[in-house]
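Below is one structure; the comments refer to it alone.
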Amino acid sequence: MTRLLLTDDEWELIADVFPQPATTGRPPREARKVLDGILWILRTGSPWRDLPEEFGAWQTCWRKFDDWNAVGILAEILRRLQAAFVAA
């Protein structure tokens with residue numbers, strides 16, 4: 001499944017888009033792993049509950065998808081990746 005994950009170069013382009021995790025509460029999930037889970041769902045069209053365990057809890061990925069979409073983070077990720085690879 002490695003070929004479906006973000007490469008290190010792709011991650012470098014978008015890593016600064018994510019907000020800093022809170023210093024209180026539950027330990028945060030790694031943003032890269034959550035994003036890979038979201039992308040897996042979008043690529044496969046599978047239900048959220050079928051998300052492989054390697055990406056963490058499906059509820060976390062779904063909640064982050066909803067949150068990140070609402071504030072425009074996913075749109076910014078798409079814009080940056082498209083700009084990098086269309087220009088190449």
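We label chains A, B, ... in the order they appear in the structure tokens, count residues from 1 in each chain, and number ligands from 1 in the order shown.
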Item to check | Residues within 12 Å of region 19-24 of chain A, only C-alpha atoms, excluding chain neighbours under 2 positions, as a list in words | outcome: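 With the cut-off at 12 Å, the set is Ile14, Ala15, Asp16, Val17, Arg26, Pro27, Pro28, Arg29, Glu30, Ala31, Lys64, Asp67, Trp68, Val71, Gly72 and Ile73 of chain A.
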Saved selection, atoms kept: C-alpha atoms, as a PDB file, in the first residue's frame:
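So result-v5.pdb came out as:
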ATOM      1  CA  ILE A  14       1.994  20.702   2.757  1.00  0.00           C
ATOM      2  CA  ALA A  15       3.307  19.994   6.276  1.00  0.00           C
ATOM      3  CA  ASP A  16       3.009  23.612   7.420  1.00  0.00           C
ATOM      4  CA  VAL A  17      -0.703  23.800   6.504  1.00  0.00           C
ATOM      5  CA  ARG A  26      -5.537  13.510  24.336  1.00  0.00           C
ATOM      6  CA  PRO A  27      -2.289  12.964  22.482  1.00  0.00           C
ATOM      7  CA  PRO A  28      -2.832  14.100  18.890  1.00  0.00           C
ATOM      8  CA  ARG A  29      -2.777  11.729  15.942  1.00  0.00           C
ATOM      9  CA  GLU A  30      -0.004  12.324  13.443  1.00  0.00           C
ATOM     10  CA  ALA A  31      -1.435  14.614  10.744  1.00  0.00           C
ATOM     11  CA  LYS A  64     -10.400  15.575  10.794  1.00  0.00           C
ATOM     12  CA  ASP A  67     -12.829  19.838  10.336  1.00  0.00           C
ATOM     13  CA  TRP A  68     -10.082  20.373   7.756  1.00  0.00           C
ATOM     14  CA  VAL A  71     -11.627  25.585   7.409  1.00  0.00           C
ATOM     15  CA  GLY A  72     -10.125  25.159   3.937  1.00  0.00           C
ATOM     16  CA  ILE A  73      -7.078  23.051   4.802  1.00  0.00           C
TER      17      ILE A  73
END
I'd like the neighbourhood of Arg3 (chain A) as a PDB file with C-alpha atoms, in the first residue's frame, where a residue qualifies if any of its atoms comes within 12 Å (using only C-alpha atoms), though same-chain residues fewer than 5 positions away should be ignored.
ATOM      1  CA  ASP A   8       8.236  12.725   1.634  1.00  0.00           C
ATOM      2  CA  ASP A  36      -3.063   9.339   4.288  1.00  0.00           C
ATOM      3  CA  TRP A  40      -7.159   6.265   1.059  1.00  0.00           C
TER       4      TRP A  40
END
Item to check | Every residue of chain A that DSSP places in alpha helix (DSSP H), as a PyMOL selection string | outcome: chain A and resi 8-14+31-44+58-71+73-86
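Here CA of Ala57 (chain A) stands at a distance of 25.7 Å from CA of Leu81 (chain A).
When the distance limit is 10 Å and only C-alpha atoms are what count, the residues near Gln59 (chain A), minus those fewer than 6 positions from it on the same chain, are Trp48, Arg49, Leu51 and Phe65 of chain A.
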Checklist entry - Could you name the residues that touch Glu10 (chain A) at 12 Å or less, counting only C-alpha atoms, but leaving out those on the same chain fewer than 5 positions away, as an MDAnalysis selection string? => result chainID A and resid 5 15:16 32 35:36 77:78 80:85
Produce a file of the selected residues containing C-alpha atoms, as a PDB file, in the first residue's frame.
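Below you can see out-v7.pdb, which holds the result:
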ATOM      1  CA  LEU A   5       0.771   7.079   0.592  1.00  0.00           C
ATOM      2  CA  ALA A  15       3.307  19.994   6.276  1.00  0.00           C
ATOM      3  CA  ASP A  16       3.009  23.612   7.420  1.00  0.00           C
ATOM      4  CA  ARG A  32       0.396  12.772   7.969  1.00  0.00           C
ATOM      5  CA  LEU A  35      -4.248  12.606   5.835  1.00  0.00           C
ATOM      6  CA  ASP A  36      -3.063   9.339   4.288  1.00  0.00           C
ATOM      7  CA  ILE A  77      -3.390  21.028   0.207  1.00  0.00           C
ATOM      8  CA  LEU A  78      -4.944  20.397  -3.197  1.00  0.00           C
ATOM      9  CA  ARG A  80      -0.247  23.309  -3.347  1.00  0.00           C
ATOM     10  CA  LEU A  81       0.075  19.797  -4.730  1.00  0.00           C
ATOM     11  CA  GLN A  82      -1.499  20.767  -8.038  1.00  0.00           C
ATOM     12  CA  ALA A  83       0.768  23.788  -8.368  1.00  0.00           C
ATOM     13  CA  ALA A  84       3.862  21.697  -7.682  1.00  0.00           C
ATOM     14  CA  PHE A  85       3.048  18.954 -10.131  1.00  0.00           C
TER      15      PHE A  85
END
Item to check | Which of A:Val34, A:Leu74, A:Leu13, A:Leu6 sits closest to Trp58 (chain A) [using only C-alpha atoms] | outcome: A:Val34
Item to check | Two-atom distance - CA of Asn69 (chain A), CA of Asp50 (chain A) (Å) | outcome: 20.7 Å
Checklist entry - Which residues, written as a PyMOL selection string, have at least one atom at most 10 Å from Arg43 (chain A), with only C-alpha atoms counted and residues fewer than 5 positions away on the same chain left out? => result chain A and resi 4+37-38
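Minimum distance to Thr2 (chain A) across A:Ala75, A:Glu54, A:Val86, A:Arg63 (counting only C-alpha atoms) occurs at A:Glu54.
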